[in-house]
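Text of the file work22.txt, holding compact mmCIF, C-alpha atoms:
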# COMPACT_ATOMS: atom_id res chain seq x y z
CA MET A 1 36.72 36.81 -6.77
CA ALA A 2 33.48 35.38 -5.41
CA LEU A 3 32.91 31.76 -6.36
CA LYS A 4 29.77 29.71 -6.90
CA ILE A 5 30.39 26.38 -5.18
CA ALA A 6 28.50 23.09 -5.21
CA ILE A 7 29.03 20.77 -2.23
CA VAL A 8 27.83 17.30 -3.20
CA THR A 9 27.29 14.83 -0.38
CA GLU A 10 25.30 11.75 0.58
CA TYR A 11 25.20 13.13 4.13
CA TYR A 12 23.48 16.24 5.36
CA TYR A 13 20.93 16.99 8.08
CA PRO A 14 18.84 15.22 9.29
CA LEU A 15 21.63 12.62 8.88
CA LEU A 16 24.26 13.09 11.59
CA GLY A 17 27.97 12.37 11.38
CA GLY A 18 31.38 13.69 10.49
CA ILE A 19 30.70 14.35 6.82
CA THR A 20 27.53 16.26 7.67
CA GLU A 21 29.48 18.42 10.12
CA ASN A 22 32.20 19.03 7.53
CA VAL A 23 29.68 20.10 4.89
CA HIS A 24 27.74 22.31 7.29
CA HIS A 25 30.66 24.21 8.79
CA THR A 26 32.47 24.54 5.47
CA ALA A 27 29.37 26.03 3.85
CA ILE A 28 28.89 28.52 6.70
CA ARG A 29 32.43 29.83 6.40
CA LEU A 30 32.54 29.85 2.61
CA ARG A 31 29.45 32.05 2.62
CA ALA A 32 31.04 34.29 5.26
CA HIS A 33 33.88 34.82 2.76
CA GLY A 34 31.32 36.08 0.23
CA HIS A 35 30.94 32.93 -1.88
CA THR A 36 27.66 31.39 -3.07
CA VAL A 37 27.21 27.81 -1.85
CA LYS A 38 24.60 25.19 -2.64
CA ILE A 39 24.49 21.78 -0.94
CA ILE A 40 23.52 18.94 -3.29
CA THR A 41 22.22 15.88 -1.46
CA SER A 42 19.29 13.46 -1.42
CA GLY A 43 15.95 13.39 0.36
CA VAL A 44 15.68 11.45 3.62
CA ASN A 45 12.24 9.98 4.19
CA GLY A 46 10.95 9.21 7.67
CA LEU A 47 13.89 10.78 9.51
CA ALA A 48 14.02 14.19 11.16
CA LEU A 49 15.90 15.92 13.91
CA PRO A 50 13.94 16.47 17.15
CA ASP A 51 12.35 19.91 17.37
CA HIS A 52 14.81 21.02 20.07
CA GLU A 53 17.70 19.93 17.83
CA HIS A 54 16.55 21.85 14.76
CA THR A 55 19.41 23.44 12.82
CA GLU A 56 19.01 25.87 9.95
CA PRO A 57 20.74 24.74 6.74
CA ALA A 58 24.11 26.38 6.17
CA ALA A 59 23.17 27.17 2.54
CA GLU A 60 20.49 26.42 -0.02
CA VAL A 61 19.93 22.66 -0.18
CA ILE A 62 19.03 20.95 -3.47
CA ARG A 63 17.73 17.42 -2.90
CA ILE A 64 17.88 14.88 -5.74
CA GLY A 65 16.57 11.33 -5.34
CA ARG A 66 16.05 9.45 -2.09
CA SER A 67 18.62 8.31 0.48
CA ILE A 68 18.70 4.66 1.60
CA PRO A 69 20.95 2.89 4.16
CA VAL A 70 23.68 0.52 2.91
CA ARG A 71 25.61 -1.72 5.31
CA GLY A 72 29.34 -2.24 4.90
CA ASN A 73 32.82 -1.64 6.40
CA GLY A 74 31.40 -2.13 9.91
CA SER A 75 29.01 0.77 9.50
CA VAL A 76 25.79 1.92 7.84
CA ALA A 77 26.48 4.16 4.85
CA ARG A 78 24.00 5.98 2.60
CA ALA A 79 23.32 5.85 -1.11
CA THR A 80 20.87 7.74 -3.33
CA VAL A 81 18.28 6.04 -5.50
CA GLY A 82 15.78 7.46 -7.97
CA MET A 83 14.31 7.03 -11.43
CA HIS A 84 16.06 9.99 -13.06
CA LEU A 85 19.17 10.66 -11.01
CA TRP A 86 21.52 11.26 -13.94
CA ARG A 87 19.05 13.46 -15.80
CA ASP A 88 18.22 15.54 -12.74
CA LEU A 89 21.84 15.85 -11.60
CA ARG A 90 23.11 16.83 -15.04
CA ALA A 91 20.28 19.34 -15.53
CA MET A 92 21.04 20.90 -12.14
CA PHE A 93 24.73 21.38 -12.99
CA VAL A 94 23.91 22.88 -16.40
CA ARG A 95 21.35 25.22 -14.83
CA GLU A 96 23.49 26.37 -11.89
CA GLN A 97 26.81 26.93 -13.70
CA PHE A 98 29.06 26.40 -10.68
CA ASP A 99 32.70 27.44 -10.67
CA ILE A 100 33.76 24.38 -8.70
CA ALA A 101 32.15 21.25 -7.28
CA HIS A 102 33.33 19.84 -3.95
CA LEU A 103 32.49 16.13 -3.86
CA HIS A 104 32.54 14.28 -0.54
CA SER A 105 33.50 10.58 -0.78
CA PRO A 106 33.53 10.68 -4.60
CA LEU A 107 34.17 6.95 -5.03
CA VAL A 108 31.09 6.10 -2.97
CA PHE A 109 28.03 5.80 -5.15
CA THR A 110 25.81 7.51 -6.02
CA LEU A 111 25.55 11.34 -6.00
CA PRO A 112 29.23 12.26 -5.42
CA ALA A 113 30.55 9.66 -7.89
CA MET A 114 27.96 10.57 -10.51
CA SER A 115 28.87 14.23 -10.08
CA VAL A 116 32.43 13.53 -11.20
CA LEU A 117 30.90 12.72 -14.61
CA ALA A 118 27.90 15.06 -14.57
CA SER A 119 29.62 18.27 -13.51
CA PRO A 120 31.00 20.45 -16.34
CA CYS A 121 33.05 22.55 -13.88
CA ARG A 122 36.30 21.88 -12.05
CA SER A 123 35.98 19.43 -9.16
CA VAL A 124 37.74 18.48 -5.93
CA GLY A 125 37.04 15.20 -4.16
CA THR A 126 37.39 14.81 -0.39
CA PHE A 127 37.95 11.28 0.91
CA HIS A 128 36.81 10.45 4.43
CA THR A 129 37.12 6.69 4.76
CA PHE A 130 39.81 4.36 6.02
CA PHE A 131 39.43 0.72 4.96
CA GLU A 132 41.51 -2.43 5.03
CA GLY A 133 41.34 -3.97 1.56
CA SER A 134 38.57 -3.75 -1.02
CA ARG A 135 37.45 -6.38 -3.50
CA LEU A 136 35.50 -3.69 -5.33
CA TYR A 137 38.58 -1.54 -5.82
CA VAL A 138 40.65 -4.53 -6.94
CA GLY A 139 38.02 -5.62 -9.46
CA LEU A 140 37.21 -2.16 -10.82
CA ARG A 141 40.60 -0.53 -10.41
CA SER A 142 41.13 0.54 -14.02
CA VAL A 143 37.56 1.77 -14.49
CA LEU A 144 37.54 3.79 -11.29
CA GLN A 145 40.95 5.25 -12.07
CA LYS A 146 40.09 6.34 -15.60
CA GLN A 147 36.46 7.36 -15.19
CA PHE A 148 36.56 8.95 -11.75
CA LEU A 149 39.94 9.64 -10.12
CA ASP A 150 41.63 10.91 -13.27
CA LYS A 151 38.72 13.25 -13.98
CA MET A 152 38.92 15.03 -10.63
CA ASP A 153 40.94 18.21 -10.66
CA GLY A 154 42.00 17.85 -7.03
CA GLN A 155 41.94 15.28 -4.25
CA SER A 156 41.97 15.98 -0.52
CA PHE A 157 41.94 13.56 2.40
CA VAL A 158 40.90 14.12 6.00
CA SER A 159 43.97 12.22 7.28
CA ARG A 160 47.14 10.52 6.18
CA SER A 161 45.56 7.14 6.93
CA CYS A 162 42.94 7.78 4.23
CA ILE A 163 45.71 8.33 1.67
CA ASP A 164 47.56 5.22 2.81
CA SER A 165 44.47 3.03 2.46
CA LEU A 166 43.67 4.24 -1.08
CA ALA A 167 47.21 4.54 -2.50
CA PRO A 168 47.76 0.77 -3.00
CA PHE A 169 44.85 0.68 -5.45
CA PHE A 170 45.08 3.94 -7.40
CA ARG A 171 47.35 6.66 -8.74
CA LEU A 172 46.53 9.70 -6.64
CA LYS A 173 46.83 13.21 -8.05
CA ASP A 174 48.92 15.33 -5.65
CA PRO A 175 46.85 14.29 -2.61
CA ARG A 176 46.39 16.91 0.10
CA VAL A 177 45.56 16.41 3.75
CA ILE A 178 42.86 18.89 4.75
CA PRO A 179 41.47 17.61 8.05
CA ASN A 180 38.07 17.87 9.62
CA GLY A 181 37.63 20.80 11.96
CA VAL A 182 35.91 21.93 15.13
CA ASP A 183 33.94 25.01 16.11
CA MET A 184 35.93 26.44 19.01
CA SER A 185 33.09 28.80 19.96
CA MET A 186 30.59 25.94 20.21
CA PHE A 187 32.83 23.44 22.02
CA SER A 188 34.64 25.04 24.93
CA PRO A 189 35.52 24.44 28.60
CA ALA A 190 33.21 27.38 29.36
CA VAL A 191 30.06 25.49 28.24
CA PRO A 192 27.78 24.73 31.25
CA ARG A 193 27.04 21.14 32.19
CA LEU A 194 23.53 19.67 31.96
CA GLU A 195 21.42 20.19 35.09
CA GLU A 196 19.96 16.67 34.99
CA PHE A 197 23.40 15.18 35.60
CA ASP A 198 24.86 16.66 38.80
CA ASP A 199 28.54 16.50 39.66
CA ARG A 200 28.15 14.09 42.56
CA LYS A 201 29.02 11.23 40.20
CA ARG A 202 31.96 10.77 37.87
CA THR A 203 30.69 10.79 34.30
CA LEU A 204 31.89 8.90 31.22
CA LEU A 205 30.64 9.91 27.78
CA PHE A 206 30.18 7.76 24.65
CA LEU A 207 28.98 9.61 21.55
CA GLY A 208 28.39 7.99 18.16
CA ARG A 209 26.10 5.93 15.97
CA PHE A 210 25.47 2.39 17.18
CA ASP A 211 27.50 0.90 14.32
CA PRO A 212 29.53 -2.22 15.17
CA ARG A 213 32.86 -0.49 14.51
CA ASN A 214 32.05 2.31 16.98
CA GLY A 215 32.46 -0.13 19.87
CA LEU A 216 29.47 0.53 22.12
CA GLY A 217 29.48 -3.13 23.18
CA LEU A 218 33.09 -2.82 24.35
CA MET A 219 32.24 0.43 26.12
CA LEU A 220 29.44 -1.22 28.09
CA GLU A 221 31.69 -4.12 29.11
CA ALA A 222 34.41 -1.67 30.19
CA PHE A 223 31.88 0.39 32.15
CA ALA A 224 30.77 -2.67 34.11
CA LEU A 225 34.40 -3.25 35.14
CA VAL A 226 34.89 0.41 36.08
CA LYS A 227 31.64 0.47 38.05
CA ARG A 228 32.84 -2.34 40.30
CA ARG A 229 35.90 -0.26 41.23
CA PHE A 230 34.20 3.16 41.34
CA PRO A 231 30.56 2.89 42.46
CA ASP A 232 30.04 6.65 41.95
CA VAL A 233 30.31 6.55 38.14
CA ARG A 234 27.72 6.91 35.40
CA LEU A 235 27.82 6.47 31.62
CA ILE A 236 25.97 8.75 29.20
CA VAL A 237 25.39 7.20 25.77
CA VAL A 238 24.61 9.76 23.06
CA GLY A 239 23.51 8.28 19.73
CA ASP A 240 21.13 5.76 18.27
CA GLY A 241 20.87 2.84 15.90
CA GLU A 242 18.99 -0.31 14.99
CA GLN A 243 20.74 -2.31 17.74
CA ARG A 244 19.73 -0.01 20.58
CA ALA A 245 17.59 -2.66 22.33
CA PHE A 246 20.46 -5.15 22.10
CA TYR A 247 22.89 -2.73 23.75
CA GLU A 248 20.39 -1.79 26.45
CA ARG A 249 20.07 -5.48 27.34
CA MET A 250 23.85 -5.71 27.71
CA VAL A 251 23.79 -3.47 30.78
CA PRO A 252 23.74 -5.53 34.03
CA ALA A 253 20.47 -5.08 35.89
CA ASP A 254 22.14 -3.56 38.95
CA MET A 255 23.85 -0.89 36.81
CA ARG A 256 20.97 0.25 34.59
CA GLY A 257 20.25 3.28 36.73
CA ASP A 258 23.67 4.64 35.87
CA VAL A 259 23.70 4.00 32.11
CA HIS A 260 21.72 6.72 30.33
CA PHE A 261 20.75 6.17 26.68
CA VAL A 262 19.75 9.72 25.74
CA GLY A 263 19.36 9.34 21.95
CA PRO A 264 20.99 11.46 19.23
CA ALA A 265 22.08 15.03 19.95
CA LEU A 266 23.11 17.99 17.87
CA ALA A 267 22.53 21.36 19.56
CA LYS A 268 22.99 19.83 23.03
CA ARG A 269 26.17 17.99 22.11
CA PRO A 270 28.55 20.58 23.66
CA ARG A 271 26.74 20.28 26.99
CA TYR A 272 27.15 16.52 27.05
CA TYR A 273 30.91 16.99 26.69
CA ALA A 274 30.79 19.65 29.42
CA THR A 275 29.01 17.21 31.74
CA SER A 276 31.58 14.44 31.29
CA ASP A 277 34.85 13.81 33.11
CA ILE A 278 36.32 11.51 30.42
CA PHE A 279 35.36 11.10 26.77
CA CYS A 280 35.46 7.46 25.64
CA SER A 281 35.88 6.40 22.02
CA PRO A 282 36.31 2.61 21.66
CA VAL A 283 36.18 2.75 17.84
CA SER A 284 37.86 -0.15 16.02
CA LYS A 285 38.23 1.53 12.62
CA ALA A 286 38.40 5.27 11.87
CA SER A 287 39.88 7.74 9.43
CA PHE A 288 39.92 10.75 11.76
CA GLY A 289 37.41 11.24 14.57
CA VAL A 290 35.45 14.51 14.69
CA THR A 291 34.23 13.65 18.19
CA LEU A 292 37.84 13.59 19.38
CA LEU A 293 38.25 17.21 18.29
CA GLU A 294 34.99 18.16 20.00
CA ALA A 295 36.13 16.51 23.24
CA MET A 296 39.54 18.21 23.09
CA ALA A 297 37.99 21.62 22.40
CA SER A 298 35.74 20.99 25.43
CA GLY A 299 38.80 20.39 27.60
CA LYS A 300 38.14 16.70 28.24
CA PRO A 301 40.71 13.90 28.49
CA ILE A 302 40.20 11.03 26.08
CA VAL A 303 40.41 7.26 26.38
CA ALA A 304 40.26 5.69 22.93
CA THR A 305 41.03 2.53 21.02
CA ASP A 306 44.36 2.47 19.25
CA ASN A 307 43.61 2.52 15.51
CA VAL A 308 45.34 3.96 12.46
CA GLY A 309 43.11 7.02 12.08
CA TYR A 310 43.25 7.97 15.75
CA ARG A 311 47.05 7.72 15.79
CA ASP A 312 47.07 10.45 13.10
CA LEU A 313 45.39 12.86 15.53
CA LEU A 314 45.98 11.81 19.14
CA SER A 315 49.09 11.83 21.31
CA PRO A 316 49.70 10.92 24.98
CA ASP A 317 49.47 14.64 25.81
CA GLU A 318 45.67 14.60 25.57
CA SER A 319 44.67 10.93 25.36
CA THR A 320 45.29 7.35 26.36
CA LEU A 321 45.16 4.85 23.51
CA VAL A 322 44.48 1.24 24.46
CA PRO A 323 44.67 -2.04 22.52
CA PRO A 324 41.56 -2.87 20.49
CA ALA A 325 38.99 -5.45 21.60
CA SER A 326 40.04 -5.27 25.26
CA PRO A 327 37.36 -4.07 27.70
CA ALA A 328 39.77 -4.70 30.58
CA ALA A 329 42.47 -2.43 29.08
CA PHE A 330 39.87 0.25 28.38
CA ALA A 331 38.59 0.04 31.97
CA ASP A 332 42.13 0.20 33.37
CA ALA A 333 42.86 3.38 31.37
CA ILE A 334 39.70 5.02 32.73
CA ALA A 335 40.56 3.94 36.28
CA ASP A 336 44.08 5.36 35.97
CA LEU A 337 42.67 8.76 35.04
CA PHE A 338 40.09 8.66 37.83
CA THR A 339 42.92 8.31 40.33
CA ASN A 340 45.01 11.17 38.87
CA ASP A 341 43.19 14.51 38.94
CA HIS A 342 46.28 16.43 37.84
CA ARG A 343 46.73 14.23 34.77
CA ARG A 344 43.09 14.65 33.76
CA ARG A 345 43.32 18.43 33.99
CA GLU A 346 46.60 18.50 32.11
CA MET A 347 45.23 16.33 29.29
CA GLY A 348 42.18 18.57 29.03
CA GLU A 349 44.30 21.72 28.78
CA ASN A 350 46.57 20.15 26.17
CA GLY A 351 43.51 19.08 24.18
CA VAL A 352 42.17 22.64 23.97
CA LYS A 353 45.51 23.85 22.61
CA LYS A 354 45.64 21.11 19.97
CA ALA A 355 41.99 21.56 18.94
CA ALA A 356 42.69 25.23 18.16
CA ARG A 357 44.94 24.07 15.30
CA TYR A 358 41.88 22.41 13.75
CA SER A 359 39.41 25.28 13.98
CA TRP A 360 36.97 25.38 11.07
CA ASP A 361 38.22 28.84 10.16
CA ARG A 362 41.72 27.47 9.53
CA VAL A 363 40.41 24.37 7.72
CA VAL A 364 38.19 26.39 5.38
CA GLU A 365 41.06 28.79 4.62
CA ALA A 366 43.07 25.75 3.45
CA THR A 367 40.08 24.53 1.44
CA LEU A 368 39.67 27.90 -0.28
CA ASP A 369 43.38 28.00 -1.11
CA PHE A 370 42.99 24.58 -2.73
CA TYR A 371 39.97 25.76 -4.75
CA HIS A 372 41.90 28.76 -6.10
CA GLU A 373 44.91 26.63 -6.93
CA ILE A 374 42.71 24.28 -8.94
CA LEU A 375 40.88 27.10 -10.70
CA ASN A 376 44.15 28.83 -11.62
CA ARG A 377 45.62 25.78 -13.32
CA PRO A 378 45.72 25.85 -17.15
Once you've parsed the file, please lay out its structure as structure tokens.
Amino acid sequence: MALKIAIVTEYYYPLLGGITENVHHTAIRLRAHGHTVKIITSGVNGLALPDHEHTEPAAEVIRIGRSIPVRGNGSVARATVGMHLWRDLRAMFVREQFDIAHLHSPLVFTLPAMSVLASPCRSVGTFHTFFEGSRLYVGLRSVLQKQFLDKMDGQSFVSRSCIDSLAPFFRLKDPRVIPNGVDMSMFSPAVPRLEEFDDRKRTLLFLGRFDPRNGLGLMLEAFALVKRRFPDVRLIVVGDGEQRAFYERMVPADMRGDVHFVGPALAKRPRYYATSDIFCSPVSKASFGVTLLEAMASGKPIVATDNVGYRDLLSPDESTLVPPASPAAFADAIADLFTNDHRRREMGENGVKKAARYSWDRVVEATLDFYHEILNRP
């Protein structure tokens, strides 16, 4: 039976990130299965993808209200504001008559949380965030449990660490782990490298928003240590953020020619992985790590910070995890891989095999099974 599905999210293009990728690739594959999908999100003023990074929406997009940045949990989140959010959201659900609503981060205000109450159809919430304690959840525990969690028909989590961080506060309803995925046709060892970065230098890659928890400062300190041991190394930094000028000033003057701040990337992202020798992810706090899957699918070894979310996904077969907040340990792990070509190749090959278990096709099959289970309940 073909379904009509609403995907409600605070994040969709031109906003970049793991939730956006989840929504986009899920919608593509749900439609390929013959289902009707509409993406419900907010308008983003003053932000657009570069022309060369333009991506067609995966489904019809309905925009309600306006998205604004909200700082917290070591990152910059998004929330929707507007004069008539409830009226417009409720009217949209009544008009569209969806079979099921898939709500991303449904305890994060505003659109996904409001949709728990506004949607007359069955709903499944997907939780993406790992956190360490929450005054909000402690203070509003009973309200959030009764008005939001208990009203969802299903709950999925991108990793076990997400369940473990929420379980101390709430009664969870048969929580399922349905991870993020990766497009194995887009990210592959066969992707050609970028011409502007030849192979005469070893190349490290950092890819992510310039949020404090993503660790760009640590990466730059580690790079300076690596550069003193391996003069033929460069660092490509893919991403952007309000602190870009601060991070650019962190680079020692004699190394600036080998640190390339290239801005955000979408369509070119696979080629940045292809150009790198090691993918670096010095993130202090994470629930999963979509970029880790992309690097593995691209056949690249990984050096990453040891955190709860990364331990759910990574093993020594394809990565080296190092203690947090230690540029020296991060640099040593990179140096060890630079001196062991066999180990780098082996980690890359193991990564491709593991990434295949997380292909979007498999993830969306699990998502569809969950939808049908929910819809078939009395």
**Request:** Could you give me, as JSON, numbers by chain, the residues that sit within 10 Å of (26.8, 15.7, 4.0) in the file's coordinates, counting only C-alpha atoms?
**Result:** {"A": [7, 8, 9, 10, 11, 12, 13, 14, 15, 16, 17, 18, 19, 20, 21, 22, 23, 24, 39, 40, 41, 42, 103, 104, 105]}
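Taking atom CA of Ala118 of chain A as the reference point, atom CA of Leu89 of chain A is found at 6.8 Å.
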**Request:** List every protein, DNA or RNA residue with an atom no more than 12 Å from (29.3, 27.8, 30.1) in the file's coordinates, counting only C-alpha atoms, and format the result as a list in words.
**Result:**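 Taken together, the residues in range are Ser185, Met186, Phe187, Ser188, Pro189, Ala190, Val191, Pro192, Arg193, Leu194, Pro270, Arg271, Tyr272, Tyr273, Ala274, Thr275 and Ser298 of chain A.
Distances to Met184 of chain A were evaluated for A:Gly309, A:Gly299, A:Pro324, A:Gly348 using all atoms listed in the file, and the minimum falls at A:Gly299.
For the pair atom CA of Val363 of chain A and atom CA of Phe279 of chain A, the separation is 23.8 Å.
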**Prompt:** Interatomic distance between atom CA of Ala297 of chain A and atom CA of Ala355 of chain A?
**Reply:**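 Rounded to one decimal, the two atoms are 5.3 Å apart.
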**Message:** as a ChimeraX atom specification, please: the residues near Ile178 of chain A (cut-off 9 Å, all atoms listed in the file, same-chain neighbours under 4 positions excluded).
**Reply:** /A:126,156-159,363-364,366-367
**Asked** Taking into account all atoms listed in the file, which residue in the set A:Asn350, A:Asn340, A:Gln155, A:Ser315 is nearest to Tyr371 of chain A?
**Response**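 Looking only at the distances to Tyr371 of chain A, the closest residue turns out to be A:Gln155.
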Residues near segment 161-172 of chain A, cut-off 10 Å, only C-alpha atoms, skip fewer than 5 positions along chain, as an mmCIF file with C-alpha atoms, keeping the file's coordinate frame:
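Done, and the output landed in around_29.cif:
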data_model
loop_
_atom_site.group_PDB
_atom_site.id
_atom_site.type_symbol
_atom_site.label_atom_id
_atom_site.label_comp_id
_atom_site.auth_asym_id
_atom_site.auth_seq_id
_atom_site.Cartn_x
_atom_site.Cartn_y
_atom_site.Cartn_z
ATOM 1 C CA PHE A 127 37.950 11.280 0.910
ATOM 2 C CA HIS A 128 36.810 10.450 4.430
ATOM 3 C CA THR A 129 37.120 6.690 4.760
ATOM 4 C CA PHE A 130 39.810 4.360 6.020
ATOM 5 C CA PHE A 131 39.430 0.720 4.960
ATOM 6 C CA GLU A 132 41.510 -2.430 5.030
ATOM 7 C CA GLY A 133 41.340 -3.970 1.560
ATOM 8 C CA SER A 134 38.570 -3.750 -1.020
ATOM 9 C CA TYR A 137 38.580 -1.540 -5.820
ATOM 10 C CA VAL A 138 40.650 -4.530 -6.940
ATOM 11 C CA LEU A 140 37.210 -2.160 -10.820
ATOM 12 C CA ARG A 141 40.600 -0.530 -10.410
ATOM 13 C CA SER A 142 41.130 0.540 -14.020
ATOM 14 C CA LEU A 144 37.540 3.790 -11.290
ATOM 15 C CA GLN A 145 40.950 5.250 -12.070
ATOM 16 C CA LYS A 146 40.090 6.340 -15.600
ATOM 17 C CA LEU A 149 39.940 9.640 -10.120
ATOM 18 C CA ASP A 150 41.630 10.910 -13.270
ATOM 19 C CA GLY A 154 42.000 17.850 -7.030
ATOM 20 C CA GLN A 155 41.940 15.280 -4.250
ATOM 21 C CA SER A 156 41.970 15.980 -0.520
ATOM 22 C CA VAL A 177 45.560 16.410 3.750
ATOM 23 C CA ALA A 286 38.400 5.270 11.870
ATOM 24 C CA SER A 287 39.880 7.740 9.430
ATOM 25 C CA PHE A 288 39.920 10.750 11.760
ATOM 26 C CA ASN A 307 43.610 2.520 15.510
ATOM 27 C CA VAL A 308 45.340 3.960 12.460
ATOM 28 C CA GLY A 309 43.110 7.020 12.080
ATOM 29 C CA TYR A 310 43.250 7.970 15.750
ATOM 30 C CA ARG A 311 47.050 7.720 15.790
ATOM 31 C CA ASP A 312 47.070 10.450 13.100
#
